[in-house]
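Here's final26.cif, which has mmCIF, C-alpha atoms and all ligand atoms:
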```
data_final
#
loop_
_atom_site.group_PDB
_atom_site.id
_atom_site.type_symbol
_atom_site.label_atom_id
_atom_site.label_comp_id
_atom_site.auth_asym_id
_atom_site.auth_seq_id
_atom_site.Cartn_x
_atom_site.Cartn_y
_atom_site.Cartn_z
ATOM 1 C CA ILE A 277 -265.603 5.190 119.796
ATOM 2 C CA VAL A 278 -262.550 7.444 120.145
ATOM 3 C CA GLY A 279 -261.981 6.138 123.714
ATOM 4 C CA ARG A 280 -262.188 2.541 122.554
ATOM 5 C CA VAL A 281 -259.670 3.124 119.753
ATOM 6 C CA TRP A 282 -257.196 4.682 122.181
ATOM 7 C CA SER A 283 -257.443 1.894 124.722
ATOM 8 C CA TYR A 284 -256.914 -0.667 121.953
ATOM 9 C CA ARG A 285 -253.821 1.210 120.866
ATOM 10 C CA ASP A 286 -252.510 1.339 124.453
ATOM 11 C CA VAL A 287 -252.846 -2.408 124.839
ATOM 12 C CA THR A 288 -251.030 -3.017 121.553
ATOM 13 C CA ALA A 289 -248.210 -0.633 122.540
ATOM 14 C CA GLU A 290 -247.946 -2.249 125.959
ATOM 15 C CA ARG A 291 -247.718 -5.724 124.430
ATOM 16 C CA ARG A 292 -245.052 -4.536 122.027
ATOM 17 C CA ALA A 293 -243.026 -2.950 124.861
ATOM 18 C CA GLN A 294 -243.300 -6.154 126.881
ATOM 19 C CA ALA A 295 -242.185 -8.291 123.940
ATOM 20 C CA GLU A 296 -239.250 -5.926 123.380
ATOM 21 C CA SER A 297 -238.149 -6.082 127.016
ATOM 22 C CA GLU A 298 -238.430 -9.881 126.963
ATOM 23 C CA ARG A 299 -236.262 -9.929 123.840
ATOM 24 C CA LEU A 300 -233.632 -7.705 125.494
ATOM 25 C CA LEU A 301 -233.628 -9.914 128.579
ATOM 26 C CA ARG A 302 -233.181 -13.023 126.440
ATOM 27 C CA GLU A 303 -230.261 -11.379 124.619
ATOM 28 C CA ALA A 304 -228.638 -10.274 127.885
ATOM 29 C CA ARG A 305 -228.920 -13.820 129.282
ATOM 30 C CA GLU A 306 -227.426 -15.195 126.070
ATOM 31 C CA ALA A 307 -224.501 -12.726 126.338
ATOM 32 C CA VAL A 308 -223.788 -13.848 129.916
ATOM 33 C CA ARG A 309 -223.948 -17.506 128.856
ATOM 34 C CA VAL A 310 -221.525 -16.820 125.991
ATOM 35 C CA ARG A 311 -219.041 -15.049 128.304
ATOM 36 C CA ASP A 312 -219.190 -17.759 130.977
ATOM 37 C CA ASP A 313 -218.816 -20.519 128.398
ATOM 38 C CA PHE A 314 -215.848 -18.745 126.800
ATOM 39 C CA LEU A 315 -213.611 -18.857 129.853
ATOM 40 C CA SER A 316 -214.105 -22.571 130.435
ATOM 41 C CA ILE A 317 -213.918 -23.416 126.722
ATOM 42 C CA ALA A 318 -210.775 -21.291 126.179
ATOM 43 C CA SER A 319 -208.901 -22.854 129.111
ATOM 44 C CA HIS A 320 -209.963 -26.330 128.024
ATOM 45 C CA GLU A 321 -209.097 -25.721 124.360
ATOM 46 C CA LEU A 322 -205.655 -24.314 125.119
ATOM 47 C CA LYS A 323 -204.847 -27.146 127.517
ATOM 48 C CA THR A 324 -206.112 -30.060 125.364
ATOM 49 C CA PRO A 325 -203.221 -30.144 122.830
ATOM 50 C CA LEU A 326 -200.631 -30.016 125.637
ATOM 51 C CA THR A 327 -201.249 -33.567 126.907
ATOM 52 C CA PRO A 328 -200.589 -35.400 123.593
ATOM 53 C CA LEU A 329 -197.804 -32.939 122.806
ATOM 54 C CA LYS A 330 -196.043 -33.829 126.046
ATOM 55 C CA LEU A 331 -196.496 -37.574 125.433
ATOM 56 C CA HIS A 332 -195.015 -37.406 121.929
ATOM 57 C CA LEU A 333 -192.075 -35.323 123.129
ATOM 58 C CA GLN A 334 -191.424 -37.823 125.939
ATOM 59 C CA VAL A 335 -191.321 -40.681 123.412
ATOM 60 C CA LEU A 336 -188.915 -38.680 121.264
ATOM 61 C CA LYS A 337 -186.735 -37.943 124.272
ATOM 62 C CA ARG A 338 -186.600 -41.631 125.273
ATOM 63 C CA HIS A 339 -185.608 -42.657 121.754
ATOM 64 C CA GLN A 340 -182.970 -39.979 121.621
ATOM 65 C CA ALA A 341 -181.508 -41.086 124.972
ATOM 66 C CA SER A 342 -181.306 -44.721 123.847
ATOM 67 C CA GLU A 343 -179.963 -43.649 120.428
ATOM 68 C CA GLN A 344 -182.694 -45.665 118.670
ATOM 69 C CA PRO A 345 -184.079 -44.374 115.364
ATOM 70 C CA ILE A 346 -186.828 -41.830 116.067
ATOM 71 C CA PRO A 347 -190.298 -43.001 114.884
ATOM 72 C CA GLY A 348 -191.547 -40.400 112.418
ATOM 73 C CA GLN A 349 -195.198 -40.419 113.444
ATOM 74 C CA HIS A 350 -194.427 -38.902 116.859
ATOM 75 C CA THR A 351 -192.757 -35.887 115.294
ATOM 76 C CA GLU A 352 -195.711 -35.446 112.904
ATOM 77 C CA LYS A 353 -198.260 -35.765 115.693
ATOM 78 C CA ALA A 354 -196.363 -33.373 117.977
ATOM 79 C CA LEU A 355 -196.243 -30.843 115.137
ATOM 80 C CA ALA A 356 -200.004 -31.246 114.530
ATOM 81 C CA GLN A 357 -200.695 -30.348 118.170
ATOM 82 C CA VAL A 358 -198.376 -27.329 117.913
ATOM 83 C CA ALA A 359 -200.319 -26.246 114.790
ATOM 84 C CA ARG A 360 -203.607 -26.599 116.686
ATOM 85 C CA LEU A 361 -202.288 -24.482 119.571
ATOM 86 C CA SER A 362 -200.889 -21.814 117.290
ATOM 87 C CA GLY A 363 -204.223 -21.682 115.390
ATOM 88 C CA LEU A 364 -206.079 -20.961 118.627
ATOM 89 C CA ILE A 365 -203.549 -18.349 119.701
ATOM 90 C CA ASN A 366 -203.648 -16.691 116.254
ATOM 91 C CA ASP A 367 -207.445 -16.431 116.506
ATOM 92 C CA LEU A 368 -207.107 -14.759 119.920
ATOM 93 C CA LEU A 369 -204.457 -12.375 118.545
ATOM 94 C CA ASP A 370 -206.551 -11.554 115.433
ATOM 95 C CA THR A 371 -209.547 -10.852 117.661
ATOM 96 C CA SER A 372 -207.639 -8.384 119.779
ATOM 97 C CA ARG A 373 -206.197 -6.774 116.611
ATOM 98 C CA ILE A 374 -209.747 -6.356 115.240
ATOM 99 C CA GLN A 375 -210.929 -4.912 118.544
ATOM 100 C CA ALA A 376 -208.070 -2.407 118.528
ATOM 101 C CA GLY A 377 -208.622 -1.597 114.817
ATOM 102 C CA ARG A 378 -205.129 -2.895 114.014
ATOM 103 C CA LEU A 379 -205.855 -5.778 111.622
ATOM 104 C CA GLU A 380 -204.059 -4.619 108.503
ATOM 105 C CA LEU A 381 -205.064 -5.740 105.016
ATOM 106 C CA ARG A 382 -202.849 -5.834 101.977
ATOM 107 C CA GLN A 383 -204.021 -4.695 98.552
ATOM 108 C CA GLU A 384 -202.894 -7.090 95.843
ATOM 109 C CA PRO A 385 -204.527 -8.782 92.868
ATOM 110 C CA VAL A 386 -206.087 -12.061 94.014
ATOM 111 C CA SER A 387 -207.634 -14.626 91.684
ATOM 112 C CA LEU A 388 -210.480 -16.165 93.671
ATOM 113 C CA ARG A 389 -210.607 -19.167 91.345
ATOM 114 C CA GLU A 390 -206.921 -19.994 91.955
ATOM 115 C CA LEU A 391 -206.979 -19.169 95.670
ATOM 116 C CA THR A 392 -209.941 -21.504 96.275
ATOM 117 C CA HIS A 393 -208.230 -24.201 94.237
ATOM 118 C CA GLU A 394 -205.070 -23.954 96.376
ATOM 119 C CA VAL A 395 -206.964 -23.930 99.674
ATOM 120 C CA LEU A 396 -208.975 -27.002 98.637
ATOM 121 C CA THR A 397 -205.897 -28.899 97.445
ATOM 122 C CA ASP A 398 -204.210 -28.380 100.838
ATOM 123 C CA LEU A 399 -207.312 -29.333 102.803
ATOM 124 C CA ARG A 400 -208.053 -32.485 100.791
ATOM 125 C CA THR A 401 -204.792 -34.047 101.979
ATOM 126 C CA ASP A 402 -205.799 -33.551 105.612
ATOM 127 C CA SER A 403 -209.447 -34.642 105.300
ATOM 128 C CA PRO A 404 -209.623 -38.126 103.793
ATOM 129 C CA HIS A 405 -213.066 -38.809 105.314
ATOM 130 C CA HIS A 406 -214.958 -36.097 103.441
ATOM 131 C CA THR A 407 -215.460 -35.290 99.771
ATOM 132 C CA LEU A 408 -214.606 -31.728 98.813
ATOM 133 C CA VAL A 409 -216.233 -30.661 95.540
ATOM 134 C CA TYR A 410 -215.159 -27.488 93.740
ATOM 135 C CA GLU A 411 -217.654 -25.852 91.360
ATOM 136 C CA GLU A 412 -215.228 -23.367 89.862
ATOM 137 C CA PRO A 413 -215.822 -20.378 87.601
ATOM 138 C CA SER A 414 -214.601 -20.371 84.002
ATOM 139 C CA LYS A 415 -212.693 -17.071 84.560
ATOM 140 C CA PRO A 416 -210.032 -16.346 87.237
ATOM 141 C CA LEU A 417 -212.212 -13.709 89.029
ATOM 142 C CA VAL A 418 -209.578 -11.200 90.173
ATOM 143 C CA ILE A 419 -210.173 -8.659 92.949
ATOM 144 C CA GLN A 420 -207.841 -6.343 94.856
ATOM 145 C CA GLY A 421 -207.487 -7.693 98.367
ATOM 146 C CA ASP A 422 -205.440 -9.516 100.960
ATOM 147 C CA ARG A 423 -204.621 -12.955 99.647
ATOM 148 C CA SER A 424 -203.693 -14.640 102.919
ATOM 149 C CA ARG A 425 -206.631 -13.124 104.830
ATOM 150 C CA LEU A 426 -209.056 -14.258 102.118
ATOM 151 C CA ALA A 427 -207.501 -17.725 102.286
ATOM 152 C CA GLN A 428 -208.085 -17.590 106.050
ATOM 153 C CA VAL A 429 -211.826 -16.962 105.451
ATOM 154 C CA LEU A 430 -212.050 -19.947 103.099
ATOM 155 C CA VAL A 431 -210.063 -22.232 105.397
ATOM 156 C CA ASN A 432 -212.233 -21.243 108.327
ATOM 157 C CA LEU A 433 -215.522 -21.903 106.550
ATOM 158 C CA LEU A 434 -214.205 -25.190 105.179
ATOM 159 C CA GLU A 435 -212.800 -26.358 108.524
ATOM 160 C CA ASN A 436 -216.162 -25.603 110.136
ATOM 161 C CA ALA A 437 -217.961 -27.516 107.383
ATOM 162 C CA LEU A 438 -215.660 -30.500 108.052
ATOM 163 C CA LYS A 439 -215.913 -30.136 111.831
ATOM 164 C CA TYR A 440 -219.705 -29.991 111.923
ATOM 165 C CA SER A 441 -220.401 -32.669 109.265
ATOM 166 C CA PRO A 442 -220.503 -36.431 109.733
ATOM 167 C CA THR A 443 -217.719 -38.619 108.346
ATOM 168 C CA GLY A 444 -218.341 -39.381 104.690
ATOM 169 C CA GLY A 445 -220.110 -36.058 104.095
ATOM 170 C CA THR A 446 -219.737 -33.939 100.973
ATOM 171 C CA ILE A 447 -218.792 -30.265 101.049
ATOM 172 C CA ARG A 448 -219.450 -28.129 97.978
ATOM 173 C CA VAL A 449 -217.570 -24.928 97.269
ATOM 174 C CA HIS A 450 -219.088 -22.754 94.581
ATOM 175 C CA VAL A 451 -217.416 -19.611 93.188
ATOM 176 C CA GLU A 452 -219.125 -17.427 90.597
ATOM 177 C CA ARG A 453 -219.341 -13.918 89.198
ATOM 178 C CA GLU A 454 -222.483 -11.934 89.938
ATOM 179 C CA GLY A 455 -222.139 -8.707 87.971
ATOM 180 C CA GLU A 456 -219.334 -6.709 89.585
ATOM 181 C CA GLN A 457 -218.987 -9.000 92.569
ATOM 182 C CA ALA A 458 -217.791 -12.519 93.320
ATOM 183 C CA HIS A 459 -220.050 -14.870 95.230
ATOM 184 C CA VAL A 460 -218.487 -17.740 97.166
ATOM 185 C CA SER A 461 -220.472 -20.414 99.005
ATOM 186 C CA VAL A 462 -219.489 -23.373 101.166
ATOM 187 C CA ALA A 463 -222.276 -25.935 101.638
ATOM 188 C CA ASP A 464 -222.215 -28.880 104.027
ATOM 189 C CA SER A 465 -224.639 -31.591 105.052
ATOM 190 C CA GLY A 466 -223.861 -31.345 108.751
ATOM 191 C CA ILE A 467 -225.629 -30.603 112.053
ATOM 192 C CA GLY A 468 -227.076 -27.241 110.936
ATOM 193 C CA ILE A 469 -227.713 -24.184 113.108
ATOM 194 C CA PRO A 470 -230.825 -23.544 115.230
ATOM 195 C CA PRO A 471 -232.777 -20.566 113.722
ATOM 196 C CA ASP A 472 -232.656 -18.482 116.931
ATOM 197 C CA GLN A 473 -228.827 -18.776 117.027
ATOM 198 C CA LYS A 474 -228.159 -17.598 113.475
ATOM 199 C CA ALA A 475 -228.136 -13.884 114.263
ATOM 200 C CA LEU A 476 -225.420 -14.342 116.904
ATOM 201 C CA LEU A 477 -223.180 -16.657 114.926
ATOM 202 C CA PHE A 478 -220.768 -13.972 113.736
ATOM 203 C CA GLU A 479 -220.349 -12.486 117.212
ATOM 204 C CA ARG A 480 -217.200 -12.943 119.275
ATOM 205 C CA PHE A 481 -216.977 -16.121 121.401
ATOM 206 C CA PHE A 482 -220.342 -17.374 120.201
ATOM 207 C CA ARG A 483 -220.821 -21.132 119.848
ATOM 208 C CA ALA A 484 -224.263 -22.432 118.961
ATOM 209 C CA ARG A 485 -226.151 -24.467 121.539
ATOM 210 C CA ASN A 486 -225.891 -27.597 119.374
ATOM 211 C CA ALA A 487 -222.089 -27.351 118.811
ATOM 212 C CA PRO A 488 -220.514 -30.455 120.353
ATOM 213 C CA ILE A 489 -218.291 -29.524 123.284
ATOM 214 C CA SER A 490 -215.815 -32.384 123.383
ATOM 215 C CA GLY A 491 -213.637 -33.453 120.488
ATOM 216 C CA PHE A 492 -214.432 -30.408 118.335
ATOM 217 C CA GLY A 493 -212.045 -27.630 119.164
ATOM 218 C CA GLY A 494 -213.347 -24.113 118.856
ATOM 219 C CA LEU A 495 -213.289 -20.774 120.610
ATOM 220 C CA GLY A 496 -216.167 -19.206 118.685
ATOM 221 C CA LEU A 497 -213.840 -16.676 117.046
ATOM 222 C CA GLY A 498 -213.476 -17.956 113.488
ATOM 223 C CA LEU A 499 -216.697 -16.529 112.068
ATOM 224 C CA TYR A 500 -216.198 -13.229 113.878
ATOM 225 C CA ILE A 501 -212.793 -12.907 112.191
ATOM 226 C CA CYS A 502 -214.275 -13.995 108.815
ATOM 227 C CA ARG A 503 -216.960 -11.315 109.027
ATOM 228 C CA ASP A 504 -214.397 -8.614 109.776
ATOM 229 C CA ILE A 505 -212.165 -9.647 106.862
ATOM 230 C CA VAL A 506 -215.071 -9.910 104.374
ATOM 231 C CA GLU A 507 -216.672 -6.616 105.441
ATOM 232 C CA ARG A 508 -213.333 -4.800 105.307
ATOM 233 C CA HIS A 509 -213.079 -5.973 101.685
ATOM 234 C CA GLY A 510 -216.482 -4.322 101.151
ATOM 235 C CA GLY A 511 -218.361 -7.633 101.069
ATOM 236 C CA ARG A 512 -221.075 -9.375 103.029
ATOM 237 C CA ILE A 513 -221.221 -12.762 104.790
ATOM 238 C CA TRP A 514 -224.302 -14.757 105.832
ATOM 239 C CA VAL A 515 -225.596 -18.254 106.421
ATOM 240 C CA GLU A 516 -228.563 -20.374 105.391
ATOM 241 C CA SER A 517 -229.115 -23.435 107.497
ATOM 242 C CA GLU A 518 -231.501 -26.122 108.596
ATOM 243 C CA VAL A 519 -230.945 -28.173 111.745
ATOM 244 C CA GLY A 520 -230.025 -31.747 110.895
ATOM 245 C CA LYS A 521 -229.776 -31.006 107.161
ATOM 246 C CA GLY A 522 -226.786 -28.726 106.790
ATOM 247 C CA SER A 523 -225.538 -25.184 106.381
ATOM 248 C CA THR A 524 -224.423 -23.015 103.495
ATOM 249 C CA PHE A 525 -222.159 -20.067 104.273
ATOM 250 C CA HIS A 526 -222.057 -17.368 101.604
ATOM 251 C CA PHE A 527 -219.861 -14.344 101.112
ATOM 252 C CA THR A 528 -219.553 -11.748 98.413
ATOM 253 C CA LEU A 529 -216.585 -9.582 97.418
ATOM 254 C CA PRO A 530 -217.048 -6.513 95.233
ATOM 255 C CA GLY A 531 -214.685 -4.924 92.724
ATOM 256 C CA LEU A 532 -214.127 -7.747 90.245
ATOM 257 C CA GLU A 533 -211.753 -6.703 87.512
ATOM 258 C CA ASN A 534 -213.148 -6.974 84.021
ATOM 259 C CA GLU A 535 -212.542 -10.018 81.848
ATOM 260 C CA VAL A 536 -209.962 -8.275 79.603
ATOM 261 C CA ALA A 537 -207.728 -7.581 82.619
ATOM 262 C CA GLU A 538 -208.190 -11.191 83.708
ATOM 263 C CA ALA A 539 -207.010 -12.662 80.423
ATOM 264 C CA SER A 540 -203.493 -14.091 80.200
ATOM 265 C CA PRO A 541 -200.792 -11.954 78.431
ATOM 266 C CA ALA A 542 -200.992 -14.295 75.391
ATOM 267 C CA ASP A 543 -204.740 -13.695 75.131
ATOM 268 C CA THR A 544 -204.306 -9.935 75.410
ATOM 269 C CA GLU A 545 -201.747 -9.821 72.637
ATOM 270 C CA ALA A 546 -203.859 -11.896 70.279
HETATM 271 P P1 LIG B 601 -215.720 -22.398 116.407
HETATM 272 O O1 LIG B 601 -214.261 -22.283 116.585
HETATM 273 O O2 LIG B 601 -216.474 -22.658 117.671
HETATM 274 O O3 LIG B 601 -216.112 -23.337 115.312
HETATM 275 P P2 LIG B 601 -216.706 -20.237 114.730
HETATM 276 O O4 LIG B 601 -216.740 -18.781 114.993
HETATM 277 O O5 LIG B 601 -215.977 -20.702 113.538
HETATM 278 O O6 LIG B 601 -216.142 -20.907 116.031
HETATM 279 O O7 LIG B 601 -218.205 -20.747 114.654
HETATM 280 C C1 LIG B 601 -219.113 -20.326 115.662
HETATM 281 C C2 LIG B 601 -220.184 -21.360 115.888
HETATM 282 O O8 LIG B 601 -221.004 -21.443 114.724
HETATM 283 C C3 LIG B 601 -219.679 -22.773 116.094
HETATM 284 O O9 LIG B 601 -219.297 -23.002 117.426
HETATM 285 C C4 LIG B 601 -220.882 -23.600 115.688
HETATM 286 O O10 LIG B 601 -221.817 -23.604 116.734
HETATM 287 C C5 LIG B 601 -221.486 -22.759 114.557
HETATM 288 N N1 LIG B 601 -221.070 -23.217 113.212
HETATM 289 C C6 LIG B 601 -220.129 -22.659 112.410
HETATM 290 N N2 LIG B 601 -220.031 -23.300 111.240
HETATM 291 C C7 LIG B 601 -220.959 -24.280 111.268
HETATM 292 C C8 LIG B 601 -221.379 -25.290 110.338
HETATM 293 N N3 LIG B 601 -220.819 -25.405 109.133
HETATM 294 N N4 LIG B 601 -222.383 -26.126 110.723
HETATM 295 C C9 LIG B 601 -222.966 -25.999 111.931
HETATM 296 N N5 LIG B 601 -222.622 -25.074 112.859
HETATM 297 C C10 LIG B 601 -221.631 -24.223 112.535
#
```

Kindly return the structure encoded in the file as structure tokens.
Amino acid sequence: IVGRVWSYRDVTAERRAQAESERLLREAREAVRVRDDFLSIASHELKTPLTPLKLHLQVLKRHQASEQPIPGQHTEKALAQVARLSGLINDLLDTSRIQAGRLELRQEPVSLRELTHEVLTDLRTDSPHHTLVYEEPSKPLVIQGDRSRLAQVLVNLLENALKYSPTGGTIRVHVEREGEQAHVSVADSGIGIPPDQKALLFERFFRARNAPISGFGGLGLGLYICRDIVERHGGRIWVESEVGKGSTFHFTLPGLENEVAEASPADTEA
């Protein structure tokens, strides 16, 4: 009986070891795919805005030479391409700062209710084909943190929600207090994320297998940067998703100030 028990155990251990080595092999292959994809995606992404940028500048130059009034839309469109390029370059710079441990965070009071409101107001102007719904908290929800970096997290999650959702889709942003921490979620009804890709989503250069390649710019750095910013504020970031149904990105931030500190000076005096 003892012999039989041992051989059963050996087989189980062997199967487990085999499954583990298959998992490692799968991960190594995925890492190679991600690295190979990155180089071609990065060159393509950095080059794409240059063609329209050049065209708009040529139009502007022609109009200037002939002393005709300059059509405004070309200036706007050229500036939009410059913004796209600088966004990509900023993501690359932030990534190397994170890698070198040099991404500095400010410490200032930030009202998450107001910050989300501002970010959404700006984005609504640029996204007429989606509905952005804000489920806001009744209190300002103030933490100590880096205002512009926290705005960057929100913008990133929202831009992804817009990028990976069909035209006409609704995106819901929910901000609430959960004890001592704030909980923010961004829910879309877009393409979703395959379950086996979820664990890698917050890694550098990772783009899910189902992310469209053309027309949707992306270097796979945004979520990596978001995770660093949220974790350095002491929080946590994660995603729930179903392919074809949509994704909800959540993050928490600890250290909410109490309601008395959040009240306006008039309220405090009363
Ligand atoms: P990217 O610039 O490629 O969007 P991110 O780091 O922001 O880089 O996101 C990494 C990958 O995660 C994306 O390429 C995409 O595959 C997936 N992803 C992120 N947000 C969403 C979303 N809201 N819906 C579906 N897939 C998403």

Residues contacting ligand LIG 601 (chain B) - anything with an atom at most 6 Å away, using all atoms listed in the file - can you give me those as a PDB file with C-alpha atoms, in the coordinates of the input?
```
ATOM      1  CA  ASN A 436    -216.162 -25.603 110.136  1.00  0.00           C
ATOM      2  CA  ALA A 437    -217.961 -27.516 107.383  1.00  0.00           C
ATOM      3  CA  TYR A 440    -219.705 -29.991 111.923  1.00  0.00           C
ATOM      4  CA  GLY A 466    -223.861 -31.345 108.751  1.00  0.00           C
ATOM      5  CA  ILE A 467    -225.629 -30.603 112.053  1.00  0.00           C
ATOM      6  CA  GLY A 468    -227.076 -27.241 110.936  1.00  0.00           C
ATOM      7  CA  ILE A 469    -227.713 -24.184 113.108  1.00  0.00           C
ATOM      8  CA  LEU A 477    -223.180 -16.657 114.926  1.00  0.00           C
ATOM      9  CA  PHE A 482    -220.342 -17.374 120.201  1.00  0.00           C
ATOM     10  CA  ARG A 483    -220.821 -21.132 119.848  1.00  0.00           C
ATOM     11  CA  ALA A 484    -224.263 -22.432 118.961  1.00  0.00           C
ATOM     12  CA  ALA A 487    -222.089 -27.351 118.811  1.00  0.00           C
ATOM     13  CA  GLY A 494    -213.347 -24.113 118.856  1.00  0.00           C
ATOM     14  CA  LEU A 495    -213.289 -20.774 120.610  1.00  0.00           C
ATOM     15  CA  GLY A 496    -216.167 -19.206 118.685  1.00  0.00           C
ATOM     16  CA  LEU A 497    -213.840 -16.676 117.046  1.00  0.00           C
ATOM     17  CA  GLY A 498    -213.476 -17.956 113.488  1.00  0.00           C
ATOM     18  CA  LEU A 499    -216.697 -16.529 112.068  1.00  0.00           C
ATOM     19  CA  TYR A 500    -216.198 -13.229 113.878  1.00  0.00           C
ATOM     20  CA  SER A 523    -225.538 -25.184 106.381  1.00  0.00           C
TER      21      SER A 523
END
```

Atom CA of Leu379 of chain A to atom CA of Pro416 of chain A, straight-line distance in Å |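 For atom CA of Pro416 of chain A relative to atom CA of Leu379 of chain A, the distance reads 26.9 Å.
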
Please indicate the distance in Å from atom CA of Leu355 of chain A to atom CA of Pro328 of chain A, rounded to one decimal place.
->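 According to the coordinates, atom CA of Leu355 of chain A and atom CA of Pro328 of chain A are separated by 10.5 Å.
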
What would the list of residues within 9 Å of (-207.7, -11.7, 99.9) (file frame) look like as a PDB file with C-alpha atoms, in the coordinates of the input, if all atoms listed in the file are what count?
```pdb
ATOM      1  CA  LEU A 381    -205.064  -5.740 105.016  1.00  0.00           C
ATOM      2  CA  ARG A 382    -202.849  -5.834 101.977  1.00  0.00           C
ATOM      3  CA  GLN A 383    -204.021  -4.695  98.552  1.00  0.00           C
ATOM      4  CA  GLU A 384    -202.894  -7.090  95.843  1.00  0.00           C
ATOM      5  CA  PRO A 385    -204.527  -8.782  92.868  1.00  0.00           C
ATOM      6  CA  VAL A 386    -206.087 -12.061  94.014  1.00  0.00           C
ATOM      7  CA  SER A 387    -207.634 -14.626  91.684  1.00  0.00           C
ATOM      8  CA  LEU A 388    -210.480 -16.165  93.671  1.00  0.00           C
ATOM      9  CA  LEU A 391    -206.979 -19.169  95.670  1.00  0.00           C
ATOM     10  CA  ILE A 419    -210.173  -8.659  92.949  1.00  0.00           C
ATOM     11  CA  GLN A 420    -207.841  -6.343  94.856  1.00  0.00           C
ATOM     12  CA  GLY A 421    -207.487  -7.693  98.367  1.00  0.00           C
ATOM     13  CA  ASP A 422    -205.440  -9.516 100.960  1.00  0.00           C
ATOM     14  CA  ARG A 423    -204.621 -12.955  99.647  1.00  0.00           C
ATOM     15  CA  SER A 424    -203.693 -14.640 102.919  1.00  0.00           C
ATOM     16  CA  ARG A 425    -206.631 -13.124 104.830  1.00  0.00           C
ATOM     17  CA  LEU A 426    -209.056 -14.258 102.118  1.00  0.00           C
ATOM     18  CA  ALA A 427    -207.501 -17.725 102.286  1.00  0.00           C
ATOM     19  CA  GLN A 428    -208.085 -17.590 106.050  1.00  0.00           C
ATOM     20  CA  VAL A 429    -211.826 -16.962 105.451  1.00  0.00           C
ATOM     21  CA  ILE A 505    -212.165  -9.647 106.862  1.00  0.00           C
ATOM     22  CA  VAL A 506    -215.071  -9.910 104.374  1.00  0.00           C
ATOM     23  CA  HIS A 509    -213.079  -5.973 101.685  1.00  0.00           C
TER      24      HIS A 509
END
```

With only C-alpha atoms as the counted atoms, please give the residues lying no more than 9 Å from Val451 of chain A, apart from itself and same-chain residues fewer than 4 positions off, as a PDB file with C-alpha atoms, in the coordinates of the input.
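And here is the file that came out, selection-v2.pdb:
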```pdb
ATOM      1  CA  LEU A 388    -210.480 -16.165  93.671  1.00  0.00           C
ATOM      2  CA  ARG A 389    -210.607 -19.167  91.345  1.00  0.00           C
ATOM      3  CA  THR A 392    -209.941 -21.504  96.275  1.00  0.00           C
ATOM      4  CA  TYR A 410    -215.159 -27.488  93.740  1.00  0.00           C
ATOM      5  CA  GLU A 411    -217.654 -25.852  91.360  1.00  0.00           C
ATOM      6  CA  GLU A 412    -215.228 -23.367  89.862  1.00  0.00           C
ATOM      7  CA  PRO A 413    -215.822 -20.378  87.601  1.00  0.00           C
ATOM      8  CA  LEU A 417    -212.212 -13.709  89.029  1.00  0.00           C
ATOM      9  CA  ALA A 458    -217.791 -12.519  93.320  1.00  0.00           C
ATOM     10  CA  HIS A 459    -220.050 -14.870  95.230  1.00  0.00           C
ATOM     11  CA  VAL A 460    -218.487 -17.740  97.166  1.00  0.00           C
ATOM     12  CA  SER A 461    -220.472 -20.414  99.005  1.00  0.00           C
TER      13      SER A 461
END
```

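The two atoms in question, atom CA of Phe525 of chain A and atom CA of Val449 of chain A, are spaced 9.7 Å apart.
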
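Around segment 306-314 of chain A, within 12 Å and counting all atoms listed in the file, the residues found are Arg299, Leu300, Leu301, Arg302, Glu303, Ile317, Ala318, Ser319, His320, Glu321, Leu322, Leu368, Asp472, Gln473, Ala475, Leu476, Leu477, Glu479, Arg480, Phe481, Phe482, Arg483, Ala484, Arg485, Ile489, Gly494, Leu495, Gly496 and Leu497 of chain A, once anything fewer than 3 positions away on its own chain is removed.
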
Taking into account all atoms listed in the file, which residue in the set A:Cys502, A:Val409, A:Glu343, A:Gly455 is nearest to Phe478 of chain A?
->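 Looking only at the distances to Phe478 of chain A, the closest residue turns out to be A:Cys502.
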
Determine the residue membership of the PyMOL selection byres (((chain A and resi 351) around 12) and not hetatm) for the file above and supply it as a list in words.
->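 After applying the PyMOL selection byres (((chain A and resi 351) around 12) and not hetatm), what remains is Pro328, Leu329, Lys330, Leu331, His332, Leu333, Gln334, Val335, Leu336, Lys337, His339, Ile346, Pro347, Gly348, Gln349, His350, Glu352, Lys353, Ala354, Leu355, Ala356, Gln357 and Val358 of chain A.
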
Name the closest residue to Ser441 of chain A among the candidates A:Pro488, A:Pro325, A:Gly363, A:Pro345; distances are taken between atoms, counting all atoms listed in the file.
->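 Between A:Pro488, A:Pro325, A:Gly363, A:Pro345, the residue approaching Ser441 of chain A most closely is A:Pro488.
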